[in-house]
>>> print(open('start_8.tsv').read())   # TSV, C-alpha atoms
chain	number	residue	atom	x	y	z
A	1	MET	CA	0.00	0.00	0.00
A	2	SER	CA	1.40	3.40	-0.95
A	3	GLU	CA	1.29	6.57	1.14
A	4	THR	CA	-0.46	9.78	0.11
A	5	LYS	CA	1.65	12.36	2.00
A	6	THR	CA	5.15	13.00	0.69
A	7	PRO	CA	8.18	11.61	2.53
A	8	SER	CA	9.61	15.07	3.21
A	9	ALA	CA	6.34	16.24	4.75
A	10	LEU	CA	6.68	13.33	7.18
A	11	GLY	CA	10.33	14.08	8.00
A	12	PHE	CA	12.09	11.61	5.69
A	13	ARG	CA	15.29	12.29	3.74
A	14	HIS	CA	17.53	10.32	1.39
A	15	PRO	CA	20.79	9.49	3.21
A	16	ALA	CA	24.23	9.60	1.63
A	17	GLU	CA	25.65	6.31	0.40
A	18	TRP	CA	28.45	6.44	2.99
A	19	GLU	CA	25.98	6.47	5.90
A	20	PRO	CA	25.52	3.09	7.68
A	21	HIS	CA	23.84	0.32	5.68
A	22	ALA	CA	21.58	-2.44	6.91
A	23	ALA	CA	22.29	-4.34	3.69
A	24	THR	CA	23.23	-4.15	0.01
A	25	TRP	CA	20.75	-5.29	-2.64
A	26	LEU	CA	22.04	-7.25	-5.65
A	27	ALA	CA	20.34	-9.44	-8.25
A	28	TRP	CA	22.12	-12.51	-9.61
A	29	PRO	CA	22.75	-12.16	-13.38
A	30	HIS	CA	20.61	-14.28	-15.66
A	31	GLN	CA	19.99	-12.12	-18.74
A	32	GLU	CA	22.31	-13.56	-21.41
A	33	GLU	CA	21.52	-10.67	-23.76
A	34	ASP	CA	23.10	-8.19	-21.34
A	35	TRP	CA	26.48	-9.98	-21.46
A	36	PRO	CA	26.63	-11.95	-24.73
A	37	GLY	CA	29.19	-14.71	-24.31
A	38	LYS	CA	30.33	-13.45	-20.91
A	39	LEU	CA	27.56	-14.44	-18.48
A	40	ALA	CA	29.69	-17.09	-16.75
A	41	ALA	CA	32.58	-14.66	-16.19
A	42	VAL	CA	30.15	-12.03	-14.91
A	43	GLY	CA	28.89	-14.49	-12.30
A	44	TRP	CA	32.38	-14.64	-10.79
A	45	ALA	CA	32.58	-10.84	-10.67
A	46	TYR	CA	29.29	-10.86	-8.74
A	47	THR	CA	30.69	-13.52	-6.44
A	48	GLU	CA	33.65	-11.30	-5.61
A	49	MET	CA	31.31	-8.38	-4.88
A	50	VAL	CA	29.23	-10.50	-2.51
A	51	ARG	CA	32.35	-11.89	-0.84
A	52	LYS	CA	33.68	-8.41	-0.14
A	53	ILE	CA	30.40	-6.83	0.94
A	54	THR	CA	29.40	-9.61	3.35
A	55	ARG	CA	32.50	-8.92	5.41
A	56	HIS	CA	30.76	-5.81	6.75
A	57	GLU	CA	27.02	-6.06	6.00
A	58	ARG	CA	24.27	-8.35	4.73
A	59	VAL	CA	23.56	-8.89	1.07
A	60	ARG	CA	19.96	-9.23	-0.07
A	61	LEU	CA	20.35	-11.24	-3.24
A	62	ILE	CA	17.46	-11.43	-5.67
A	63	VAL	CA	17.35	-14.70	-7.61
A	64	SER	CA	14.92	-15.10	-10.46
A	65	GLY	CA	13.85	-18.68	-9.78
A	66	ALA	CA	15.19	-21.90	-8.25
A	67	GLU	CA	17.73	-22.60	-11.00
A	68	ILE	CA	19.30	-19.16	-10.63
A	69	GLU	CA	19.41	-19.53	-6.84
A	70	ALA	CA	21.17	-22.89	-7.16
A	71	ARG	CA	23.71	-21.37	-9.52
A	72	ALA	CA	24.34	-18.48	-7.14
A	73	ARG	CA	24.68	-20.71	-4.08
A	74	GLU	CA	27.17	-22.93	-5.86
A	75	ALA	CA	29.39	-20.03	-6.92
A	76	LEU	CA	29.24	-18.31	-3.52
A	77	THR	CA	30.01	-21.56	-1.70
A	78	LYS	CA	33.06	-22.19	-3.89
A	79	ALA	CA	34.30	-18.69	-3.01
A	80	HIS	CA	33.80	-19.38	0.73
A	81	VAL	CA	31.15	-16.68	1.14
A	82	ASP	CA	29.32	-16.88	4.48
A	83	LEU	CA	25.81	-17.72	3.24
A	84	GLU	CA	24.41	-16.85	6.68
A	85	ARG	CA	25.00	-13.23	5.68
A	86	VAL	CA	23.06	-13.57	2.41
A	87	ASP	CA	19.27	-13.37	2.06
A	88	PHE	CA	18.10	-15.20	-1.07
A	89	LEU	CA	14.88	-13.58	-2.32
A	90	SER	CA	13.00	-15.14	-5.21
A	91	PHE	CA	11.54	-12.26	-7.23
A	92	PRO	CA	11.14	-12.29	-11.02
A	93	THR	CA	13.39	-9.76	-12.78
A	94	ASP	CA	14.11	-8.71	-16.33
A	95	ARG	CA	17.69	-7.68	-15.57
A	96	GLY	CA	19.98	-7.19	-12.61
A	97	TRP	CA	20.68	-3.44	-12.54
A	98	MET	CA	19.52	-2.79	-8.98
A	99	ARG	CA	20.71	0.80	-8.87
A	100	ASP	CA	17.98	1.67	-11.35
A	101	SER	CA	15.14	-0.75	-10.65
A	102	ALA	CA	15.29	-0.91	-6.84
A	103	PRO	CA	13.49	1.77	-4.82
A	104	SER	CA	15.11	4.80	-3.26
A	105	PHE	CA	15.33	4.29	0.50
A	106	VAL	CA	14.54	7.25	2.76
A	107	VAL	CA	14.94	7.55	6.54
A	108	ASP	CA	13.52	9.68	9.34
A	109	GLY	CA	15.87	8.56	12.10
A	110	ASN	CA	13.67	5.71	13.30
A	111	GLU	CA	12.17	4.27	10.13
A	112	VAL	CA	13.23	3.27	6.63
A	113	ALA	CA	10.64	3.74	3.88
A	114	LEU	CA	10.67	3.21	0.10
A	115	VAL	CA	10.19	5.60	-2.79
A	116	ASP	CA	8.80	3.67	-5.77
A	117	TRP	CA	9.82	5.40	-8.98
A	118	ARG	CA	8.54	4.03	-12.25
A	119	PHE	CA	11.20	2.09	-14.16
A	120	ASN	CA	10.69	2.03	-17.93
A	121	GLY	CA	13.87	0.32	-19.13
A	122	TRP	CA	15.76	3.61	-19.51
A	123	ALA	CA	13.10	4.66	-22.02
A	124	LYS	CA	14.76	2.20	-24.39
A	125	TYR	CA	14.08	-1.48	-23.64
A	126	PRO	CA	10.59	-3.01	-23.66
A	127	ASN	CA	11.36	-5.88	-21.27
A	128	HIS	CA	11.19	-3.94	-18.01
A	129	LEU	CA	7.81	-4.75	-16.44
A	130	GLU	CA	9.11	-7.21	-13.83
A	131	ASP	CA	11.86	-4.80	-12.82
A	132	ASP	CA	9.28	-2.02	-12.50
A	133	ARG	CA	7.43	-4.11	-9.90
A	134	LEU	CA	10.52	-4.68	-7.74
A	135	PRO	CA	9.94	-1.75	-5.34
A	136	GLU	CA	6.41	-2.94	-4.60
A	137	ARG	CA	7.66	-6.49	-4.01
A	138	ILE	CA	10.45	-5.24	-1.77
A	139	ALA	CA	7.98	-3.13	0.20
A	140	ASP	CA	5.68	-6.13	0.66
A	141	TRP	CA	8.58	-8.36	1.74
A	142	SER	CA	10.02	-5.82	4.16
A	143	LYS	CA	6.61	-4.53	5.36
A	144	ARG	CA	7.72	-0.95	4.88
A	145	ARG	CA	5.88	2.15	3.80
A	146	ARG	CA	5.99	2.90	0.08
A	147	PHE	CA	5.68	6.33	-1.53
A	148	VAL	CA	4.85	6.69	-5.24
A	149	PRO	CA	5.87	10.02	-6.84
A	150	THR	CA	3.55	11.33	-9.55
A	151	PHE	CA	3.49	14.23	-11.99
A	152	ARG	CA	0.20	15.24	-13.63
A	153	GLY	CA	-1.31	11.95	-12.60
A	154	GLU	CA	1.49	9.74	-13.98
A	155	ARG	CA	4.17	7.92	-12.02
A	156	VAL	CA	7.52	9.68	-12.24
A	157	VAL	CA	10.27	7.74	-14.03
A	158	LEU	CA	13.68	7.84	-12.36
A	159	GLU	CA	16.69	5.55	-12.09
A	160	GLY	CA	19.01	5.57	-9.10
A	161	GLY	CA	22.04	5.99	-11.36
A	162	ALA	CA	20.65	9.35	-12.53
A	163	ILE	CA	21.11	10.94	-9.10
A	164	ASP	CA	23.75	11.22	-6.39
A	165	LEU	CA	23.09	12.77	-2.97
A	166	ASP	CA	25.13	14.05	-0.03
A	167	GLY	CA	22.47	13.29	2.61
A	168	GLN	CA	22.33	16.97	3.54
A	169	GLY	CA	20.00	18.24	0.83
A	170	THR	CA	22.27	18.39	-2.23
A	171	MET	CA	21.82	16.30	-5.37
A	172	LEU	CA	23.87	15.81	-8.53
A	173	THR	CA	22.18	14.93	-11.82
A	174	THR	CA	22.52	15.66	-15.55
A	175	GLU	CA	20.45	17.53	-18.08
A	176	GLU	CA	21.28	14.92	-20.69
A	177	CYS	CA	19.50	12.20	-18.73
A	178	LEU	CA	16.47	14.02	-17.33
A	179	LEU	CA	15.80	16.86	-19.77
A	180	SER	CA	16.76	15.47	-23.19
A	181	GLU	CA	14.12	14.30	-25.65
A	182	VAL	CA	16.39	11.30	-26.36
A	183	GLN	CA	15.34	8.38	-24.13
A	184	GLN	CA	12.90	10.84	-22.58
A	185	ARG	CA	11.76	9.70	-19.14
A	186	ASN	CA	9.05	12.19	-18.25
A	187	PRO	CA	7.71	14.25	-21.17
A	188	GLY	CA	6.67	17.70	-20.04
A	189	MET	CA	8.70	17.79	-16.83
A	190	SER	CA	10.90	20.86	-16.43
A	191	LYS	CA	13.87	21.47	-14.14
A	192	ALA	CA	11.54	23.14	-11.65
A	193	ASP	CA	9.16	20.17	-11.78
A	194	TYR	CA	11.97	17.70	-11.08
A	195	GLU	CA	13.32	19.84	-8.27
A	196	ARG	CA	9.89	19.92	-6.64
A	197	VAL	CA	9.58	16.13	-6.84
A	198	PHE	CA	13.09	15.68	-5.41
A	199	ALA	CA	12.32	18.10	-2.58
A	200	ASP	CA	9.06	16.34	-1.74
A	201	HIS	CA	10.35	12.77	-1.90
A	202	LEU	CA	14.08	12.85	-1.14
A	203	GLY	CA	14.51	15.92	1.05
A	204	VAL	CA	16.59	17.72	-1.60
A	205	SER	CA	16.88	21.49	-1.33
A	206	LYS	CA	19.51	22.06	-4.04
A	207	VAL	CA	20.02	20.26	-7.35
A	208	ILE	CA	23.31	20.67	-9.21
A	209	TRP	CA	22.68	20.08	-12.91
A	210	LEU	CA	25.66	18.85	-14.88
A	211	ASN	CA	25.60	18.61	-18.66
A	212	ARG	CA	26.53	15.33	-20.37
A	213	GLY	CA	27.61	11.85	-19.38
A	214	ILE	CA	30.30	9.65	-20.91
A	215	VAL	CA	30.54	8.03	-24.32
A	216	GLY	CA	28.99	4.57	-24.49
A	217	ASP	CA	26.53	5.20	-21.66
A	218	ASP	CA	23.40	3.24	-22.59
A	219	THR	CA	21.35	5.28	-20.11
A	220	HIS	CA	22.01	8.59	-21.89
A	221	GLY	CA	23.76	10.50	-19.16
A	222	HIS	CA	23.70	8.82	-15.74
A	223	VAL	CA	25.61	10.90	-13.22
A	224	ASP	CA	27.13	7.91	-11.40
A	225	ASP	CA	29.65	7.51	-14.21
A	226	ILE	CA	30.88	11.12	-13.98
A	227	ALA	CA	30.51	12.75	-10.54
A	228	ARG	CA	29.95	11.47	-7.01
A	229	PHE	CA	29.78	12.92	-3.52
A	230	VAL	CA	32.36	11.31	-1.24
A	231	ARG	CA	31.54	13.36	1.87
A	232	PRO	CA	29.62	16.59	2.50
A	233	GLY	CA	31.11	19.37	0.41
A	234	VAL	CA	33.45	17.09	-1.57
A	235	VAL	CA	32.84	15.68	-5.06
A	236	VAL	CA	35.04	13.44	-7.20
A	237	VAL	CA	34.59	14.04	-10.91
A	238	ALA	CA	35.70	11.91	-13.84
A	239	TYR	CA	38.28	13.81	-15.88
A	240	GLU	CA	39.86	12.97	-19.23
A	241	THR	CA	43.33	14.37	-19.94
A	242	ARG	CA	43.58	13.18	-23.57
A	243	GLN	CA	42.22	16.05	-25.65
A	244	ASP	CA	41.56	13.80	-28.65
A	245	ASP	CA	39.23	11.57	-26.60
A	246	GLU	CA	35.47	11.96	-27.10
A	247	ASN	CA	35.02	12.32	-23.34
A	248	TYR	CA	37.44	15.22	-22.98
A	249	GLU	CA	35.03	18.10	-23.71
A	250	PRO	CA	31.93	16.93	-21.77
A	251	LEU	CA	33.96	15.95	-18.71
A	252	ALA	CA	35.89	19.24	-18.77
A	253	GLU	CA	32.57	21.11	-18.92
A	254	ASN	CA	31.26	19.25	-15.88
A	255	TYR	CA	34.48	19.88	-13.95
A	256	GLU	CA	34.28	23.63	-14.65
A	257	LEU	CA	30.63	23.73	-13.59
A	258	LEU	CA	31.39	22.03	-10.27
A	259	GLN	CA	34.31	24.35	-9.58
A	260	GLY	CA	31.91	27.26	-9.15
A	261	MET	CA	29.19	25.44	-7.22
A	262	THR	CA	28.09	25.48	-3.60
A	263	ASP	CA	26.04	22.80	-1.84
A	264	ALA	CA	22.73	23.09	0.02
A	265	LYS	CA	24.57	24.27	3.14
A	266	GLY	CA	26.34	27.05	1.23
A	267	ARG	CA	29.75	25.37	1.23
A	268	LYS	CA	31.92	25.86	-1.87
A	269	LEU	CA	32.47	22.41	-3.30
A	270	GLU	CA	35.89	20.82	-3.14
A	271	VAL	CA	36.29	19.08	-6.51
A	272	VAL	CA	38.72	16.16	-6.84
A	273	LYS	CA	39.68	14.85	-10.28
A	274	LEU	CA	39.30	11.12	-10.86
A	275	PRO	CA	41.08	9.79	-13.98
A	276	MET	CA	39.43	7.88	-16.77
A	277	PRO	CA	40.76	4.55	-18.03
A	278	SER	CA	41.85	4.21	-21.63
A	279	PRO	CA	38.90	3.43	-23.92
A	280	VAL	CA	37.51	-0.06	-23.38
A	281	VAL	CA	36.23	-1.39	-26.70
A	282	PHE	CA	34.61	-4.74	-27.35
A	283	ASP	CA	33.09	-5.90	-30.64
A	284	ASP	CA	33.71	-2.40	-32.07
A	285	MET	CA	31.68	-0.80	-29.26
A	286	ARG	CA	33.04	1.86	-26.87
A	287	LEU	CA	31.94	0.78	-23.40
A	288	PRO	CA	31.12	3.12	-20.48
A	289	ALA	CA	34.20	2.35	-18.38
A	290	SER	CA	34.55	4.78	-15.48
A	291	TYR	CA	36.12	4.64	-12.04
A	292	ALA	CA	33.31	6.92	-10.80
A	293	ASN	CA	31.00	3.89	-10.82
A	294	PHE	CA	32.35	2.81	-7.42
A	295	TYR	CA	30.13	1.55	-4.61
A	296	ILE	CA	30.44	2.75	-1.00
A	297	ALA	CA	29.70	-0.13	1.38
A	298	ASN	CA	30.13	-0.36	5.14
A	299	GLY	CA	33.84	-0.12	5.87
A	300	GLN	CA	34.95	-0.22	2.24
A	301	VAL	CA	34.71	1.22	-1.25
A	302	LEU	CA	34.50	-1.19	-4.20
A	303	VAL	CA	36.04	0.32	-7.34
A	304	PRO	CA	35.78	-1.03	-10.91
A	305	THR	CA	39.18	-1.67	-12.50
A	306	PHE	CA	40.00	-2.23	-16.16
A	307	ASN	CA	43.54	-3.64	-16.48
A	308	ASP	CA	44.66	-0.06	-17.05
A	309	PRO	CA	47.61	1.97	-15.70
A	310	ASN	CA	45.11	4.45	-14.25
A	311	ASP	CA	43.61	1.72	-12.06
A	312	ARG	CA	46.34	2.46	-9.52
A	313	VAL	CA	45.83	6.22	-9.76
A	314	ALA	CA	42.07	5.91	-9.27
A	315	LEU	CA	42.43	3.57	-6.30
A	316	GLY	CA	44.94	5.93	-4.73
A	317	THR	CA	42.72	8.98	-5.26
A	318	LEU	CA	39.74	7.25	-3.69
A	319	ALA	CA	41.87	5.98	-0.79
A	320	GLU	CA	42.77	9.61	-0.05
A	321	VAL	CA	39.14	10.79	0.01
A	322	PHE	CA	37.99	7.72	1.97
A	323	PRO	CA	40.78	7.46	4.58
A	324	ASP	CA	38.66	5.41	7.00
A	325	ARG	CA	37.56	2.76	4.49
A	326	GLU	CA	39.29	-0.06	2.70
A	327	VAL	CA	39.41	0.75	-1.02
A	328	VAL	CA	39.22	-2.44	-3.10
A	329	GLY	CA	39.45	-2.93	-6.86
A	330	ILE	CA	37.04	-5.33	-8.57
A	331	HIS	CA	37.92	-6.48	-12.09
A	332	ALA	CA	35.18	-5.02	-14.32
A	333	VAL	CA	36.26	-5.61	-17.92
A	334	ASP	CA	33.65	-8.36	-18.26
A	335	LEU	CA	31.03	-6.46	-16.27
A	336	VAL	CA	31.22	-3.33	-18.42
A	337	TRP	CA	30.29	-5.37	-21.51
A	338	GLY	CA	26.81	-5.17	-19.97
A	339	LEU	CA	27.13	-1.35	-20.13
A	340	GLY	CA	27.49	-0.83	-16.40
A	341	THR	CA	29.63	-1.87	-13.44
A	342	LEU	CA	29.60	-1.91	-9.62
A	343	HIS	CA	27.40	1.03	-8.71
A	344	CYS	CA	24.91	0.19	-11.44
A	345	LEU	CA	24.52	-3.34	-10.04
A	346	SER	CA	24.13	-2.49	-6.35
A	347	HIS	CA	21.76	-0.56	-4.11
A	348	GLU	CA	22.27	0.28	-0.46
A	349	GLU	CA	19.57	-0.15	2.16
A	350	PRO	CA	20.26	2.33	4.95
A	351	ALA	CA	20.28	1.45	8.63
A	352	VAL	CA	18.50	3.51	11.27
A	353	GLY	CA	19.32	3.98	14.92
A	354	LYS	CA	23.08	3.78	14.33
>>> encode(input="start_8.tsv", output="C-alpha cells")
Amino acid sequence: MSETKTPSALGFRHPAEWEPHAATWLAWPHQEEDWPGKLAAVGWAYTEMVRKITRHERVRLIVSGAEIEARAREALTKAHVDLERVDFLSFPTDRGWMRDSAPSFVVDGNEVALVDWRFNGWAKYPNHLEDDRLPERIADWSKRRRFVPTFRGERVVLEGGAIDLDGQGTMLTTEECLLSEVQQRNPGMSKADYERVFADHLGVSKVIWLNRGIVGDDTHGHVDDIARFVRPGVVVVAYETRQDDENYEPLAENYELLQGMTDAKGRKLEVVKLPMPSPVVFDDMRLPASYANFYIANGQVLVPTFNDPNDRVALGTLAEVFPDREVVGIHAVDLVWGLGTLHCLSHEEPAVGK
C-alpha cells in the first residue's frame, strides 16, 4: 500500500551512500543478452562483490527462480562466502541493474521507507515490467511504507544511477539524462518540476545540474559515471586528460561547472579529479568504463578496474578521500560489456538507529 503524504512532509530524507547500511541489494545475473558470451565470467565478478560486501554487512540477493538460486549458491560456496550473511529472495526480474530498478530508500531517524519510482527500461528497452514491480515487491517483503511520486497523474520515471546525494540536501544529476528528448523519461517535466519532486520525496533542497555523461553510456547521461559525492562538500569528478578523446570536452565542462558550485549548506564544493581509463572497446563498441562507478559499502569502497595503468591512480585517489575505508578494486572488464559496473549493479539499504 502506498502513502499519500510525501516523505519530506513526514520528516524523511535520502541518506548519503556512505551512511551506515543495513544491507546491500544485488540481483544474480541471468539475462544472457546483457552480457553476450560473458555471463559465466560475470557471475564470478558478482561472487567477488558478494564476498567483499558480506565482510561488513548483509547482502539481499534477488534470484529469479530456483535454477538461478542454485547457480548463485554454488558459486558463492566455492568462493567461501558466508551464506548466513546472504538473504536469497525469489523475485522475477528482467535484468539485474539494482541501482535503477530498486526503490530509493529514505529515513527519518527511526524508520526506513521506500520511494517507488517508475522504471521504464531507460526509455529504451521493452522488457522492463518485472523490474518495474521490484519496489512494490520489496515493500511487501520488508513490510515498509511505500511512496509513489507522480506528476500530472502519472508515475515519475527515475533511475538511481541518474542521481547522487550528499544526505544533507544536495543532489547531482545531468540535463542529458532528465531533460533530453532522447530516451525521454518524463515528457513535459521541467527542471523546476523535477526539483519539486526531489524536494518532496528525497529531502533535496539544491540540485546541481551537470551537462553530459560519458561516451557509451546506454542510459544517456547517468551521473554515477561522472561525478559522485564522497563526503559533505566534496565531489570526485571523472576527468579525461587526452584532448583527442570523445570524453574530454563533456567531462571538462562538468568539472568547470562544479568548480563554481556550492552545496545546500552554502559550502563551496571541493572538486577532486578522478582519472578515466583508456577506452575499453569490445566488438567495435566503446563501453562506459569509469572509475566513478564505485560503490560505498560499510567499511569499504569497491572500485571497478580495467587492467589499465590508471587503475592504480584511481584507487589511490579514492583511498585519499575515503581514509577510513578499505578501497578495493574489482575487475570489471567483463562487467562493463553489460554497459554498467559496480554502482549500477548495487543498491544500499540504509540502517537507522546507528
>>> closest_atom_pairs(input="start_8.tsv", of="range 57-138 of chain A", to="range 13-29 of chain A", cutoff="7 Å", atoms="only C-alpha atoms", output="Markdown table")
| residue | atom | partner | partner_atom | distance |
| --- | --- | --- | --- | --- |
| A:Glu57 | CA | A:Ala23 | CA | 5.5 |
| A:Arg58 | CA | A:Ala23 | CA | 4.6 |
| A:Val59 | CA | A:Thr24 | CA | 4.9 |
| A:Arg60 | CA | A:Trp25 | CA | 4.8 |
| A:Leu61 | CA | A:Leu26 | CA | 5.0 |
| A:Ile62 | CA | A:Ala27 | CA | 4.3 |
| A:Val63 | CA | A:Trp28 | CA | 5.6 |
| A:Ala72 | CA | A:Trp28 | CA | 6.8 |
| A:Gly96 | CA | A:Ala27 | CA | 4.9 |
| A:Met98 | CA | A:Leu26 | CA | 6.1 |
| A:Phe105 | CA | A:His14 | CA | 6.5 |
| A:Val106 | CA | A:His14 | CA | 4.5 |
| A:Val107 | CA | A:Arg13 | CA | 5.5 |
| A:Asp108 | CA | A:Arg13 | CA | 6.4 |
>>> closest_residue(input="start_8.tsv", among="A:Arg196, A:Leu172, A:Asp100, A:Leu210", to="Leu158 in chain A", atoms="all atoms listed in the file")
A:Asp100
>>> closest_residue(input="start_8.tsv", among="A:Ile330, A:Ile214, A:Val352, A:Ala113", to="Thr47 in chain A", atoms="all atoms listed in the file")
A:Ile330
>>> atom_distance(input="start_8.tsv", atom1="CA of Gly299 in chain A", atom2="CA of Ser101 in chain A")
25.0 Å
>>> residues_around(input="start_8.tsv", residues="Pro187 in chain A", least_positions_apart="2", cutoff="12 Å", atoms="only C-alpha atoms", output="list of chain:residue names")
A:Ala123, A:Phe151, A:Arg152, A:Glu154, A:Arg155, A:Val156, A:Val157, A:Leu178, A:Leu179, A:Ser180, A:Glu181, A:Val182, A:Gln183, A:Gln184, A:Arg185, A:Met189, A:Ser190, A:Lys191, A:Asp193, A:Tyr194
>>> decode(input="start_8.tsv", residues="range 60-87 of chain A", atoms="N, CA and C atoms", output="PDB file, in the first residue's frame")
ATOM      1  N   ARG A  60      21.278  -8.723   0.311  1.00  0.00           N
ATOM      2  CA  ARG A  60      19.960  -9.228  -0.065  1.00  0.00           C
ATOM      3  C   ARG A  60      20.033  -9.524  -1.563  1.00  0.00           C
ATOM      4  N   LEU A  61      20.068 -10.797  -1.881  1.00  0.00           N
ATOM      5  CA  LEU A  61      20.352 -11.237  -3.243  1.00  0.00           C
ATOM      6  C   LEU A  61      19.080 -11.740  -3.907  1.00  0.00           C
ATOM      7  N   ILE A  62      18.642 -11.033  -4.927  1.00  0.00           N
ATOM      8  CA  ILE A  62      17.457 -11.430  -5.672  1.00  0.00           C
ATOM      9  C   ILE A  62      17.852 -12.498  -6.694  1.00  0.00           C
ATOM     10  N   VAL A  63      17.117 -13.597  -6.661  1.00  0.00           N
ATOM     11  CA  VAL A  63      17.350 -14.697  -7.612  1.00  0.00           C
ATOM     12  C   VAL A  63      16.042 -14.956  -8.344  1.00  0.00           C
ATOM     13  N   SER A  64      16.122 -14.985  -9.640  1.00  0.00           N
ATOM     14  CA  SER A  64      14.916 -15.095 -10.460  1.00  0.00           C
ATOM     15  C   SER A  64      14.590 -16.565 -10.723  1.00  0.00           C
ATOM     16  N   GLY A  65      14.239 -17.277  -9.636  1.00  0.00           N
ATOM     17  CA  GLY A  65      13.852 -18.680  -9.776  1.00  0.00           C
ATOM     18  C   GLY A  65      14.842 -19.630  -9.123  1.00  0.00           C
ATOM     19  N   ALA A  66      14.408 -20.892  -8.971  1.00  0.00           N
ATOM     20  CA  ALA A  66      15.189 -21.903  -8.250  1.00  0.00           C
ATOM     21  C   ALA A  66      16.506 -22.218  -8.955  1.00  0.00           C
ATOM     22  N   GLU A  67      16.501 -22.282 -10.275  1.00  0.00           N
ATOM     23  CA  GLU A  67      17.729 -22.601 -11.003  1.00  0.00           C
ATOM     24  C   GLU A  67      18.790 -21.528 -10.801  1.00  0.00           C
ATOM     25  N   ILE A  68      18.368 -20.267 -10.835  1.00  0.00           N
ATOM     26  CA  ILE A  68      19.299 -19.160 -10.633  1.00  0.00           C
ATOM     27  C   ILE A  68      19.827 -19.182  -9.203  1.00  0.00           C
ATOM     28  N   GLU A  69      18.954 -19.460  -8.231  1.00  0.00           N
ATOM     29  CA  GLU A  69      19.408 -19.528  -6.843  1.00  0.00           C
ATOM     30  C   GLU A  69      20.454 -20.626  -6.666  1.00  0.00           C
ATOM     31  N   ALA A  70      20.210 -21.792  -7.269  1.00  0.00           N
ATOM     32  CA  ALA A  70      21.166 -22.893  -7.156  1.00  0.00           C
ATOM     33  C   ALA A  70      22.518 -22.500  -7.748  1.00  0.00           C
ATOM     34  N   ARG A  71      22.481 -21.811  -8.878  1.00  0.00           N
ATOM     35  CA  ARG A  71      23.714 -21.366  -9.525  1.00  0.00           C
ATOM     36  C   ARG A  71      24.473 -20.388  -8.623  1.00  0.00           C
ATOM     37  N   ALA A  72      23.716 -19.460  -8.024  1.00  0.00           N
ATOM     38  CA  ALA A  72      24.335 -18.478  -7.139  1.00  0.00           C
ATOM     39  C   ALA A  72      24.927 -19.140  -5.901  1.00  0.00           C
ATOM     40  N   ARG A  73      24.180 -20.029  -5.275  1.00  0.00           N
ATOM     41  CA  ARG A  73      24.679 -20.709  -4.075  1.00  0.00           C
ATOM     42  C   ARG A  73      25.954 -21.499  -4.366  1.00  0.00           C
ATOM     43  N   GLU A  74      25.991 -22.147  -5.513  1.00  0.00           N
ATOM     44  CA  GLU A  74      27.172 -22.932  -5.861  1.00  0.00           C
ATOM     45  C   GLU A  74      28.404 -22.037  -6.000  1.00  0.00           C
ATOM     46  N   ALA A  75      28.254 -20.930  -6.709  1.00  0.00           N
ATOM     47  CA  ALA A  75      29.387 -20.026  -6.916  1.00  0.00           C
ATOM     48  C   ALA A  75      29.838 -19.403  -5.599  1.00  0.00           C
ATOM     49  N   LEU A  76      28.896 -18.960  -4.781  1.00  0.00           N
ATOM     50  CA  LEU A  76      29.243 -18.314  -3.520  1.00  0.00           C
ATOM     51  C   LEU A  76      29.895 -19.304  -2.555  1.00  0.00           C
ATOM     52  N   THR A  77      29.421 -20.530  -2.565  1.00  0.00           N
ATOM     53  CA  THR A  77      30.007 -21.559  -1.698  1.00  0.00           C
ATOM     54  C   THR A  77      31.448 -21.841  -2.104  1.00  0.00           C
ATOM     55  N   LYS A  78      31.695 -21.944  -3.406  1.00  0.00           N
ATOM     56  CA  LYS A  78      33.056 -22.187  -3.888  1.00  0.00           C
ATOM     57  C   LYS A  78      34.004 -21.061  -3.482  1.00  0.00           C
ATOM     58  N   ALA A  79      33.476 -19.849  -3.388  1.00  0.00           N
ATOM     59  CA  ALA A  79      34.302 -18.688  -3.014  1.00  0.00           C
ATOM     60  C   ALA A  79      34.356 -18.479  -1.496  1.00  0.00           C
ATOM     61  N   HIS A  80      33.783 -19.422  -0.740  1.00  0.00           N
ATOM     62  CA  HIS A  80      33.796 -19.376   0.727  1.00  0.00           C
ATOM     63  C   HIS A  80      33.084 -18.135   1.276  1.00  0.00           C
ATOM     64  N   VAL A  81      32.000 -17.748   0.625  1.00  0.00           N
ATOM     65  CA  VAL A  81      31.149 -16.683   1.137  1.00  0.00           C
ATOM     66  C   VAL A  81      30.307 -17.242   2.282  1.00  0.00           C
ATOM     67  N   ASP A  82      30.164 -16.485   3.355  1.00  0.00           N
ATOM     68  CA  ASP A  82      29.321 -16.884   4.477  1.00  0.00           C
ATOM     69  C   ASP A  82      27.854 -16.710   4.074  1.00  0.00           C
ATOM     70  N   LEU A  83      27.190 -17.803   3.725  1.00  0.00           N
ATOM     71  CA  LEU A  83      25.811 -17.720   3.238  1.00  0.00           C
ATOM     72  C   LEU A  83      24.837 -17.308   4.335  1.00  0.00           C
ATOM     73  N   GLU A  84      25.263 -17.352   5.598  1.00  0.00           N
ATOM     74  CA  GLU A  84      24.405 -16.854   6.683  1.00  0.00           C
ATOM     75  C   GLU A  84      24.236 -15.345   6.603  1.00  0.00           C
ATOM     76  N   ARG A  85      25.079 -14.690   5.829  1.00  0.00           N
ATOM     77  CA  ARG A  85      25.001 -13.231   5.676  1.00  0.00           C
ATOM     78  C   ARG A  85      24.346 -12.830   4.348  1.00  0.00           C
ATOM     79  N   VAL A  86      23.728 -13.815   3.689  1.00  0.00           N
ATOM     80  CA  VAL A  86      23.062 -13.568   2.407  1.00  0.00           C
ATOM     81  C   VAL A  86      21.595 -13.968   2.513  1.00  0.00           C
ATOM     82  N   ASP A  87      20.698 -13.055   2.166  1.00  0.00           N
ATOM     83  CA  ASP A  87      19.270 -13.367   2.059  1.00  0.00           C
ATOM     84  C   ASP A  87      18.960 -13.648   0.594  1.00  0.00           C
TER      85      ASP A  87
END
